[in-house]
Amino acid sequence: MSAAPRGRSAAALLAIVFVVPAAAGCDAIGDPSSSASTESTRRVEARATNPPPGLPAVFTTGQRLTWSACPAPTVEQGGGKAPGKGWECATMKAPLDYRRPGRDTIDVAMIRKRATGPVRERLGSLLLNFGGPGQSGLTGLPEYADGYAALDDRYDLVSFDPRGVGRTAPVRCGNKSFEGADACKKHSGALLPYIGTSQTARDLDLMRYLLGDEKLNYFGVSYGTRLGGVYAHLFPKNVGRLVLEAPVDPTLNHLQGDLGQVKAVHLAFDRFAAHCANAYDDCPTGRDPQQADRRIIELLDKLEKQPAPTDGDEKLDASLASHAIANHLDLGKEGWWPLAQALNEVRHQGTGSKLLKEAYDHGSARRTGVNTRAEPTGGNGTSAFVAITCADSSLRPGFTGLEKMIKRIEAASPIFGEAVAKTVYLCFNWPFKGESTTPDVSAKGAPPILVVANTGDPTTPYAGAENMAAELGQGVGVLLTVQDEGHGSYPHNRCAAKAINTYLLDGPTPANNC
């Protein structure tokens, strides 16, 4: 649900936020980790004049962000080393419930890398949200920042852990793995009603203000487009330049979205198989679509009965193999040759090391199905994914309705249907009501918002981009169509990257498609 370069892991899941600075008010600050010139180490920090409405002063005029060296990631963030020199972290205080801002609060963890260009040319802060939902911005931003070199000369790179994720009021749904709705309620019941996308969108507006920016410019990918669309609906007057790339379809509930996804990923597999048959002498999927389906189904059946050994302790079963194939397809044509090699490893050697590496390498549970045996990123990604999804969605079908949807999803793809169908029961017996069946992204009064979509996206079908642009409103949603494979096009697709960079840096929306 990416801002990360697609050739790396988790290519599909970034949402990026750009912020335009205010002219009023200022604070002078220094960079604690830089030995650059006086101009770059000390600068005037803008202070915005339009705080979020309805909040007590303790959150707005009474709050300042204090930046310091970043600590190592927590267990909930996936662990690892501190990001090191050049990165700063801060904590923002926010209401737990924006409807009752005078009660409990949460700490929102933030990270930034300051703009590398001259201070006089700086445009503001660039916030990144890593989609999913359930991704940690504090670990993701240092990993993917190099992909935004065309922008970070003039923007501070900033990200955060959304509600329920990592260091920001993390949701726990078990001890070491996701254990279901009852475990979510037991461990995190006090948080569950307040971690939905509409609450996080309000956190974004508070961040915008505290970063000193009058307008929020947002680049959201996959789930991040939902966050961006909801923000535009709630705060159309505060919208700057928004890019919504690889958008989710705001007209579909989450079960309809699963059905659309499984159809799209199977079509992407068909295109891979056709290329494989024409380009590779030892094509693992054979010479025609029917043979391709049959070979992969036979492979998955075999793995279901006898999982393949790998170069680690874990074995490759059918579910993991299905996830891995989908993740390769998310990478677009860059993933086709590695996928052929990985499939041939299983066919010829009986081992599944290459496929297993891709089964977990993408952070979004939405793209690969929910793996209930372990958090996919080593953090609390699965628990956060489920909790945020169920906080957003009010859809609560009964057993009969869910079983019918499972049959529809499994029938849509004999390869991916079973894995995707595991998400159908996500919110069954969830202890709290969700917000709505679909998000409202209408943004009357907002400036043009750029919607970007690949025609061959295997995770968020292209039709969803058309619907997103339409739902934003006439004169607001502007659709850029990219003739490409994979989930997300920035920065690897040159045409799309040029159009997006021009829009974010200079303002005009593109006149032509890619």
# chains A, B, ... in the order shown; residues from 1 in each chain; ligands from 1
>>> residues_around(residues="Leu216 (chain A)", least_positions_apart="3", cutoff="12 Å", atoms="only C-alpha atoms", output="PyMOL selection string")
chain A and resi 16-22+48+50+123-128+201-213+219+228+231-232+235-243+446-447+449+504
>>> select_by_dssp(residues="region 155-390 of chain A", states="strand (DSSP E or B)", output="JSON, numbers by chain")
{"A": [155, 156, 157, 158, 159, 160, 165, 168, 213, 214, 215, 216, 217, 218, 219, 220, 221, 239, 240, 241, 242, 243, 244, 245, 308, 316]}
>>> closest_residue(among="A:Thr116, A:Thr509, A:Asn380, A:Ser394", to="Gln135 (chain A)", atoms="only C-alpha atoms")
A:Asn380
>>> atom_distance(atom1="CA of His492 (chain A)", atom2="CA of Met468 (chain A)")
22.9 Å
>>> atom_distance(atom1="CA of Ala273 (chain A)", atom2="CA of Trp336 (chain A)")
8.9 Å
>>> residues_around(residues="region 282-291 of chain A", least_positions_apart="4", cutoff="12 Å", atoms="only C-alpha atoms", output="PyMOL selection string")
chain A and resi 266-278+295-299+336-348+414
>>> write_last_selection(atoms="N, CA, C and O atoms", output="compact mmCIF listing (two decimals), in the first residue's frame")
# COMPACT_ATOMS: atom_id res chain seq x y z
N HIS A 266 -3.89 -11.76 -10.68
CA HIS A 266 -3.88 -12.89 -11.61
C HIS A 266 -3.65 -12.42 -13.04
O HIS A 266 -2.95 -13.08 -13.82
N LEU A 267 -4.23 -11.29 -13.40
CA LEU A 267 -3.96 -10.73 -14.73
C LEU A 267 -2.48 -10.38 -14.89
O LEU A 267 -1.90 -10.58 -15.96
N ALA A 268 -1.87 -9.85 -13.82
CA ALA A 268 -0.44 -9.55 -13.86
C ALA A 268 0.37 -10.84 -14.04
O ALA A 268 1.38 -10.87 -14.76
N PHE A 269 -0.06 -11.91 -13.38
CA PHE A 269 0.61 -13.20 -13.55
C PHE A 269 0.49 -13.69 -14.99
O PHE A 269 1.46 -14.21 -15.56
N ASP A 270 -0.67 -13.51 -15.59
CA ASP A 270 -0.84 -13.91 -16.99
C ASP A 270 0.13 -13.16 -17.90
O ASP A 270 0.71 -13.74 -18.83
N ARG A 271 0.32 -11.86 -17.62
CA ARG A 271 1.25 -11.09 -18.44
C ARG A 271 2.69 -11.54 -18.22
O ARG A 271 3.49 -11.60 -19.17
N PHE A 272 3.03 -11.87 -16.97
CA PHE A 272 4.35 -12.43 -16.71
C PHE A 272 4.53 -13.75 -17.45
O PHE A 272 5.58 -13.98 -18.08
N ALA A 273 3.54 -14.61 -17.39
CA ALA A 273 3.66 -15.93 -18.01
C ALA A 273 3.82 -15.81 -19.53
O ALA A 273 4.59 -16.56 -20.14
N ALA A 274 3.12 -14.86 -20.15
CA ALA A 274 3.25 -14.66 -21.59
C ALA A 274 4.66 -14.18 -21.93
O ALA A 274 5.27 -14.64 -22.90
N HIS A 275 5.19 -13.28 -21.13
CA HIS A 275 6.57 -12.80 -21.34
C HIS A 275 7.56 -13.94 -21.12
O HIS A 275 8.52 -14.10 -21.89
N CYS A 276 7.34 -14.69 -20.08
CA CYS A 276 8.23 -15.81 -19.75
C CYS A 276 8.31 -16.80 -20.91
O CYS A 276 9.40 -17.23 -21.30
N ALA A 277 7.16 -17.13 -21.50
CA ALA A 277 7.12 -18.10 -22.59
C ALA A 277 7.90 -17.61 -23.81
O ALA A 277 8.53 -18.40 -24.52
N ASN A 278 7.88 -16.31 -24.04
CA ASN A 278 8.55 -15.74 -25.21
C ASN A 278 10.01 -15.43 -24.98
O ASN A 278 10.81 -15.40 -25.93
N ARG A 295 0.64 -25.43 -14.05
CA ARG A 295 1.94 -25.70 -13.42
C ARG A 295 2.03 -25.08 -12.02
O ARG A 295 2.54 -25.72 -11.10
N ILE A 296 1.57 -23.85 -11.88
CA ILE A 296 1.67 -23.20 -10.58
C ILE A 296 0.71 -23.84 -9.58
O ILE A 296 1.05 -24.01 -8.40
N ILE A 297 -0.48 -24.21 -10.03
CA ILE A 297 -1.43 -24.88 -9.12
C ILE A 297 -0.84 -26.20 -8.64
O ILE A 297 -0.92 -26.56 -7.45
N GLU A 298 -0.23 -26.95 -9.56
CA GLU A 298 0.41 -28.21 -9.18
C GLU A 298 1.55 -27.97 -8.19
O GLU A 298 1.73 -28.73 -7.22
N LEU A 299 2.30 -26.89 -8.43
CA LEU A 299 3.39 -26.56 -7.51
C LEU A 299 2.87 -26.21 -6.12
O LEU A 299 3.39 -26.69 -5.10
N TRP A 336 10.18 -9.92 -12.96
CA TRP A 336 9.83 -11.08 -13.78
C TRP A 336 10.95 -12.10 -13.88
O TRP A 336 10.72 -13.31 -13.67
N TRP A 337 12.17 -11.67 -14.20
CA TRP A 337 13.27 -12.62 -14.29
C TRP A 337 13.60 -13.24 -12.92
O TRP A 337 13.75 -14.47 -12.84
N PRO A 338 13.68 -12.47 -11.83
CA PRO A 338 13.87 -13.12 -10.53
C PRO A 338 12.77 -14.11 -10.18
O PRO A 338 13.04 -15.14 -9.55
N LEU A 339 11.52 -13.82 -10.59
CA LEU A 339 10.43 -14.76 -10.32
C LEU A 339 10.64 -16.06 -11.08
O LEU A 339 10.45 -17.16 -10.53
N ALA A 340 11.04 -15.96 -12.34
CA ALA A 340 11.30 -17.17 -13.12
C ALA A 340 12.40 -18.00 -12.48
O ALA A 340 12.30 -19.24 -12.39
N GLN A 341 13.45 -17.34 -12.02
CA GLN A 341 14.54 -18.06 -11.36
C GLN A 341 14.08 -18.73 -10.07
O GLN A 341 14.45 -19.88 -9.78
N ALA A 342 13.27 -18.01 -9.30
CA ALA A 342 12.80 -18.55 -8.02
C ALA A 342 11.89 -19.75 -8.23
O ALA A 342 11.96 -20.75 -7.49
N LEU A 343 11.02 -19.67 -9.22
CA LEU A 343 10.13 -20.81 -9.52
C LEU A 343 10.93 -22.01 -10.02
O LEU A 343 10.63 -23.16 -9.66
N ASN A 344 11.94 -21.75 -10.82
CA ASN A 344 12.76 -22.87 -11.32
C ASN A 344 13.58 -23.50 -10.20
O ASN A 344 13.88 -24.70 -10.25
N GLU A 345 13.94 -22.73 -9.20
CA GLU A 345 14.64 -23.32 -8.06
C GLU A 345 13.78 -24.39 -7.40
O GLU A 345 14.24 -25.48 -7.07
N VAL A 346 12.50 -24.07 -7.22
CA VAL A 346 11.59 -25.04 -6.59
C VAL A 346 11.38 -26.24 -7.51
O VAL A 346 11.40 -27.40 -7.06
N ARG A 347 11.18 -25.97 -8.81
CA ARG A 347 10.90 -27.05 -9.75
C ARG A 347 12.08 -27.99 -9.92
O ARG A 347 11.93 -29.21 -9.93
N HIS A 348 13.28 -27.42 -10.07
CA HIS A 348 14.44 -28.24 -10.42
C HIS A 348 15.23 -28.74 -9.21
O HIS A 348 15.78 -29.84 -9.24
N PRO A 414 -7.21 -19.29 -9.07
CA PRO A 414 -6.80 -20.54 -8.42
C PRO A 414 -5.41 -20.45 -7.81
O PRO A 414 -5.03 -21.30 -7.01
>>> closest_residue(among="A:Arg172, A:Lys444, A:Lys93, A:Arg408", to="Asp258 (chain A)", atoms="only C-alpha atoms")
A:Arg408
>>> closest_residue(among="A:Gln199, A:Asn217, A:Ser383, A:Thr91", to="Gly132 (chain A)", atoms="only C-alpha atoms")
A:Ser383
>>> atom_distance(atom1="CA of Leu479 (chain A)", atom2="CA of His233 (chain A)")
17.7 Å
>>> closest_residue(among="A:Ala384, A:Ile415, A:Ala443, A:Val248", to="Ala318 (chain A)", atoms="only C-alpha atoms")
A:Ile415
>>> residues_around(residues="region 253-255 of chain A", least_positions_apart="5", cutoff="8 Å", atoms="only C-alpha atoms", output="VMD selection string")
chain A and resid 393 395 405 424 437 to 438
